[in-house]
Amino acid sequence: MILDSLKLNGKVAIITGAGRGLGRAMAVKFAETGADIVAAARTQSQLDETADAVRKTGRKCLIVPTDVTDSAQVNALAEAALKEFGKIDILINNAGGGDGSLGKQLPEITDDEWRRGLDTNLSSQFYGCRAVIPQMVKQKRGKIINIASGYGLRGGKHNFMYACSKGGTIQLTRSMALTYAQFNIQTNCIVPGIFPHNEQMMVFFKGGKFIPIGRVGDDSELGPLAVFLASDASNHVNGELIAIDGGGLAGGIAPTGVSPESSN
Amino acid sequence: MAPSDASNDFSLEGKTALVVGAEHSVGRAAAVTLAEAGAKIVLASQEPGTDKQLNAVAKLVTAAGAKPLIRVQSASMRADLSATADFAAKQLGALDILVNALDTPAYGPAEASDDTAYDKIFENNFKTIWMSCQEGARVMLRQGGGVIVNITSVLAERGVPNAALYCATKAAVLNLTRALALEWARKGIRVNAIQAGWLDDEASPANKNDEFSKNLLKYLPDNRLVKPEELGGALLYLVSPAAGFVTGESIAVDGGLRARV
C-alpha cells in the first residue's frame, strides 16, 4: 500500500539545525510520522523546545548540542545517535544559512568570511554524510537529505559564499547518490524557496509577492516532502533535487513582473 | 494531542482523478497508486481499440479500492479529450487531479526517420498531453483549481542515439509543464512532472537481454530498471495537498541516473 510506504514507523532520524524553523518543523513532522529524532543544533534552549514538541507526539528525542562546522562534534553526534538507538536510518543535513556578509561588496569579504560561509553550509553537510555513512553501509539502507537553496542553482548579485556552498550541496548530493546507490542508500536534495522565518530575507524578498504562486512557503510545508524522501516511497529517487518554491525556479522571477530588486 | 497519522498528508480521500494514457504501464501504475490513496478515478485511453487493456487496468484499480470509469477515444483527439475532461468532472463531481501518462516509444536512426514518424510521435507524446492539459485546465479553472502531473522521461534532459524525436518530445513535455505552471500559478492549478528512468515494462527496449540492455544496466547507478509502480510515491506526493507549494517542478525516479556523468 502506497500510504504505508510513506510512514516512518520506528525509523531513527538525525536532523541538524533542529532548534528552529524548517529543522524543527521537519523534526515534529517526522515524529508524527513515527520516527524517533536525534536533534542537533548549537543552542540547548532551542533544542529543548524542539524535544518538547517531538515528545508530545509520543516519540523519543535525543538532544545533541552540536556545532556542525566542527567535524569532531558531527562524528560525536552520529556516535550518540548510534549509542542511543542502535541504528541511523535518516540524516537531514539542514543546518546552515546566510550570514552577515551576504550582500557585502566582493573586495570587502575576508578570507575568514569565505571559509565560514562554506563551512556552515557545505563542510557541515560533508561532515554529516561522512559521519553516518559507515553505519548506513553496514545496514545496507539509509536516506540522506541535504537542504540546498535556489541559489545553489541560480546566481545572485553579491551572493558568494551562500550560492557557492549551496551549489556544492547539490554536487555533494549527486556524488553521494552515485557512490552509495549500490548500498541502498539514497541521497537527495530539497531546494526550499522563500520560507518566512527569516525577517531579513523577508524584507529583501518583498514578502515573497514575486513568487509565481503568489505567496511564501510555510515551515509546515517542508515536512511532507522530507517524509517522502525519507520513506520507502522514494526508494528509486536518488541524486535528485526537489524544489519547493511556489514555481520560483520554473521560470525565474521575471515573469511575474515583481522581482526582488524592483520596488513594486 | 493525539499523534496525527502520516497518511493524512498524502490521503486522496474525497479527491477525483483522470488518468489519460491509462493503457500504458505508467498510467496503470499511476491509477493504482491514486486508487490506493483513496481517489475516485476515470481511466482514459487516446488509443482507439484499447478497451481490453483498459478493462484489465480497471480490475487492478478496483482491487486497489476504487471503481473506475473507463473512456476510450471515440472522436478526434481534441473533441475526445474535451469530452473526457467534462465526463470526469460530471461523473466524479469534480476534476481534482489529471495525470497525463502517454508514452509511445520510437527508436531508429534519425536519417531514416520520415515525416510520418515525426507527426506520429509528436502527436502521441506531446500534442495529446498539451491538449489534455488545456482541456483539464478548462474544467479546473471553472471549479477554482486542481493539480496536473505529466509523466515524461529522464530523456527530457539527456540525449541518446537513435531516439532523437523521442528525446525531443520528452523535453517538450518538461518545459510545457514549467510554462503552464507559471501561467496557472495564481489560478489554483499546480502543474508538475515526473521523469521516469529506464522502465522495466512491456514497451521497454531496455529489458531485452541484448547488448544494449546489458550495457545500460552497467551504466545505471543501482544496476536495475525502474518498475512502473516505483513512480507511485513521487506521483502521490505531487498530487497531494501536502505539495501545495510545489509547482513547475519535476521529480526524476531513475535511481540516480540523471545525477551521473
# chains A, B, ... in the order shown; residues from 1 in each chain; ligands from 1
>>> interface_residues(of="chain B", to="chain A", cutoff="8 Å", atoms="only C-alpha atoms", output="PyMOL selection string")
chain B and resi 1-7+9-11+33+36-37+178-179+181-182+185-186+221-222+226+230+232-234+237+242-260
>>> write_last_selection(atoms="N, CA and C atoms", output="compact mmCIF listing (two decimals), in the first residue's frame")
# COMPACT_ATOMS: atom_id res chain seq x y z
N MET B 1 -2.45 15.89 22.75
CA MET B 1 -2.80 15.81 21.32
C MET B 1 -2.45 14.42 20.79
N ALA B 2 -3.39 13.82 20.11
CA ALA B 2 -3.14 12.50 19.53
C ALA B 2 -2.17 12.63 18.36
N PRO B 3 -1.27 11.65 18.22
CA PRO B 3 -0.37 11.72 17.08
C PRO B 3 -1.17 11.69 15.78
N SER B 4 -0.81 12.55 14.85
CA SER B 4 -1.53 12.54 13.58
C SER B 4 -1.00 11.40 12.73
N ASP B 5 -1.82 10.89 11.88
CA ASP B 5 -1.42 9.79 11.02
C ASP B 5 -0.77 10.37 9.76
N ALA B 6 0.45 9.90 9.47
CA ALA B 6 1.16 10.46 8.32
C ALA B 6 0.37 10.31 7.05
N SER B 7 -0.42 9.24 6.97
CA SER B 7 -1.12 9.01 5.72
C SER B 7 -2.11 10.14 5.45
N ASP B 9 -1.48 13.25 5.39
CA ASP B 9 -0.83 14.21 4.50
C ASP B 9 -0.99 13.81 3.03
N PHE B 10 -1.04 12.52 2.79
CA PHE B 10 -1.00 12.05 1.41
C PHE B 10 -2.31 11.39 0.99
N SER B 11 -3.27 11.38 1.89
CA SER B 11 -4.54 10.73 1.55
C SER B 11 -5.27 11.51 0.45
N THR B 33 -1.93 3.62 -7.82
CA THR B 33 -1.47 4.45 -6.70
C THR B 33 -2.57 5.39 -6.22
N GLU B 36 -5.24 3.48 -4.41
CA GLU B 36 -4.80 3.07 -3.07
C GLU B 36 -4.88 4.23 -2.08
N ALA B 37 -4.63 5.44 -2.59
CA ALA B 37 -4.65 6.61 -1.71
C ALA B 37 -6.07 7.14 -1.51
N ARG B 178 6.61 23.44 -17.03
CA ARG B 178 7.07 24.64 -16.32
C ARG B 178 6.25 25.87 -16.74
N ALA B 179 6.06 26.00 -18.05
CA ALA B 179 5.37 27.20 -18.55
C ALA B 179 3.92 27.24 -18.08
N ALA B 181 2.75 25.80 -15.47
CA ALA B 181 2.75 26.00 -14.01
C ALA B 181 2.76 27.50 -13.69
N LEU B 182 3.59 28.24 -14.41
CA LEU B 182 3.67 29.68 -14.17
C LEU B 182 2.38 30.38 -14.59
N ALA B 185 -0.29 29.54 -11.98
CA ALA B 185 0.15 29.51 -10.58
C ALA B 185 -0.81 30.26 -9.66
N ARG B 186 -1.35 31.35 -10.14
CA ARG B 186 -2.24 32.14 -9.27
C ARG B 186 -3.70 31.85 -9.54
N PRO B 221 23.06 3.63 -11.97
CA PRO B 221 23.74 3.68 -10.67
C PRO B 221 23.46 2.49 -9.77
N ASP B 222 22.23 1.96 -9.78
CA ASP B 222 21.99 0.78 -8.95
C ASP B 222 21.71 -0.46 -9.82
N VAL B 226 13.62 0.73 -13.71
CA VAL B 226 12.58 1.25 -12.82
C VAL B 226 11.29 0.48 -13.06
N GLU B 230 7.10 2.10 -9.13
CA GLU B 230 8.00 2.91 -8.30
C GLU B 230 7.81 4.41 -8.53
N GLY B 232 4.99 5.68 -8.15
CA GLY B 232 3.81 5.98 -7.35
C GLY B 232 4.06 6.97 -6.21
N GLY B 233 5.18 6.83 -5.51
CA GLY B 233 5.45 7.71 -4.38
C GLY B 233 5.56 9.16 -4.80
N ALA B 234 6.34 9.40 -5.86
CA ALA B 234 6.53 10.77 -6.35
C ALA B 234 5.20 11.33 -6.85
N TYR B 237 2.97 12.17 -3.84
CA TYR B 237 3.43 13.41 -3.20
C TYR B 237 2.97 14.62 -4.01
N ALA B 242 -0.37 18.09 0.39
CA ALA B 242 0.89 18.37 1.10
C ALA B 242 1.92 19.06 0.20
N ALA B 243 1.73 18.98 -1.12
CA ALA B 243 2.69 19.59 -2.05
C ALA B 243 2.15 20.92 -2.58
N GLY B 244 1.35 21.60 -1.76
CA GLY B 244 0.71 22.84 -2.21
C GLY B 244 1.65 23.95 -2.63
N PHE B 245 2.93 23.87 -2.22
CA PHE B 245 3.90 24.92 -2.59
C PHE B 245 4.84 24.43 -3.70
N VAL B 246 4.50 23.27 -4.29
CA VAL B 246 5.36 22.71 -5.34
C VAL B 246 4.66 22.83 -6.69
N THR B 247 5.21 23.65 -7.57
CA THR B 247 4.66 23.71 -8.92
C THR B 247 5.78 24.05 -9.91
N GLY B 248 5.61 23.59 -11.14
CA GLY B 248 6.64 23.79 -12.15
C GLY B 248 7.87 22.93 -11.91
N GLU B 249 7.72 21.90 -11.09
CA GLU B 249 8.86 21.07 -10.71
C GLU B 249 8.73 19.68 -11.34
N SER B 250 9.84 19.00 -11.40
CA SER B 250 9.85 17.65 -11.93
C SER B 250 10.63 16.76 -10.97
N ILE B 251 10.12 15.57 -10.72
CA ILE B 251 10.86 14.62 -9.88
C ILE B 251 11.27 13.44 -10.75
N ALA B 252 12.56 13.18 -10.78
CA ALA B 252 13.05 12.02 -11.53
C ALA B 252 13.00 10.79 -10.63
N VAL B 253 12.48 9.71 -11.18
CA VAL B 253 12.51 8.42 -10.48
C VAL B 253 13.37 7.52 -11.35
N ASP B 254 14.66 7.57 -11.09
CA ASP B 254 15.61 6.97 -12.04
C ASP B 254 16.79 6.31 -11.34
N GLY B 255 16.71 6.16 -10.02
CA GLY B 255 17.80 5.52 -9.30
C GLY B 255 19.10 6.32 -9.28
N GLY B 256 19.05 7.55 -9.69
CA GLY B 256 20.25 8.39 -9.68
C GLY B 256 20.86 8.62 -11.05
N LEU B 257 20.22 8.06 -12.07
CA LEU B 257 20.78 8.13 -13.42
C LEU B 257 21.09 9.56 -13.87
N ARG B 258 20.15 10.47 -13.62
CA ARG B 258 20.31 11.83 -14.11
C ARG B 258 21.42 12.58 -13.38
N ALA B 259 21.83 12.05 -12.20
CA ALA B 259 22.87 12.72 -11.42
C ALA B 259 24.27 12.41 -11.94
N ARG B 260 24.39 11.37 -12.76
CA ARG B 260 25.74 10.94 -13.12
C ARG B 260 26.21 11.51 -14.45
>>> select_by_dssp(residues="stretch 13-230 of chain A", states="strand (DSSP E)", output="ChimeraX atom specification")
/A:13-16,36-41,61-65,90-93,142-147,185-192
>>> closest_atom_pairs(of="stretch 2-42 of chain B", to="stretch 144-155 of chain B", cutoff="12 Å", atoms="only C-alpha atoms", output="CSV")
residue,atom,partner,partner_atom,distance
B:Lys15,CA,B:Gly146,CA,10.1
B:Thr16,CA,B:Gly146,CA,9.8
B:Ala17,CA,B:Val147,CA,9.4
B:Leu18,CA,B:Ile148,CA,9.6
B:Val19,CA,B:Val149,CA,9.7
B:Val20,CA,B:Asn150,CA,9.8
B:Gly21,CA,B:Ile151,CA,9.9
B:Ala22,CA,B:Ile151,CA,11.6
B:His24,CA,B:Ile151,CA,11.1
B:Ser25,CA,B:Ile151,CA,11.2
B:Val26,CA,B:Ile151,CA,7.9
B:Gly27,CA,B:Ile151,CA,8.6
B:Ala29,CA,B:Ile151,CA,11.5
B:Ala30,CA,B:Ile151,CA,9.6
>>> atom_distance(atom1="atom CA of A:Val191", atom2="atom CA of A:Leu22")
12.0 Å
>>> residues_around(residues="A:Asn93", least_positions_apart="3", cutoff="6 Å", atoms="only C-alpha atoms", output="PyMOL selection string")
chain A and resi 16+125+146
>>> closest_residue(among="B:Ala89, B:Ala83, B:Leu102, B:Leu60", to="B:Glu47", atoms="only C-alpha atoms")
B:Leu102
>>> select_by_dssp(residues="stretch 61-165 of chain A", states="alpha helix (DSSP H)", output="PyMOL selection string")
chain A and resi 71-85+111-118+124-139+161-165
>>> atom_distance(atom1="atom CA of A:Val74", atom2="atom CA of A:Ile92")
12.6 Å
>>> residues_around(residues="A:Thr66", least_positions_apart="4", cutoff="7 Å", atoms="only C-alpha atoms", output="number ranges by chain")
A: 40-42, 73-74
>>> closest_residue(among="B:Ala56, B:Met77, B:Ile189, B:Val61", to="B:Arg138", atoms="only C-alpha atoms")
B:Ile189
>>> atom_distance(atom1="atom CA of B:Leu54", atom2="atom CA of B:Tyr166")
24.4 Å
>>> residues_around(residues="B:Val173", least_positions_apart="4", cutoff="8 Å", atoms="only C-alpha atoms", output="PyMOL selection string")
chain B and resi 126+129-130+150+152+156+169+177
>>> write_last_selection(atoms="C-alpha atoms", output="PDB file, in the first residue's frame")
ATOM      1  CA  PHE B 126       3.310  15.838 -26.974  1.00  0.00           C
ATOM      2  CA  ILE B 129      -0.540  15.980 -23.412  1.00  0.00           C
ATOM      3  CA  TRP B 130      -0.804  19.618 -24.483  1.00  0.00           C
ATOM      4  CA  ASN B 150       2.720  14.999 -16.715  1.00  0.00           C
ATOM      5  CA  THR B 152       7.902  12.366 -19.017  1.00  0.00           C
ATOM      6  CA  ALA B 156      13.825  15.110 -21.425  1.00  0.00           C
ATOM      7  CA  THR B 169       9.018  15.184 -27.269  1.00  0.00           C
ATOM      8  CA  THR B 177       4.986  21.721 -17.574  1.00  0.00           C
TER       9      THR B 177
END
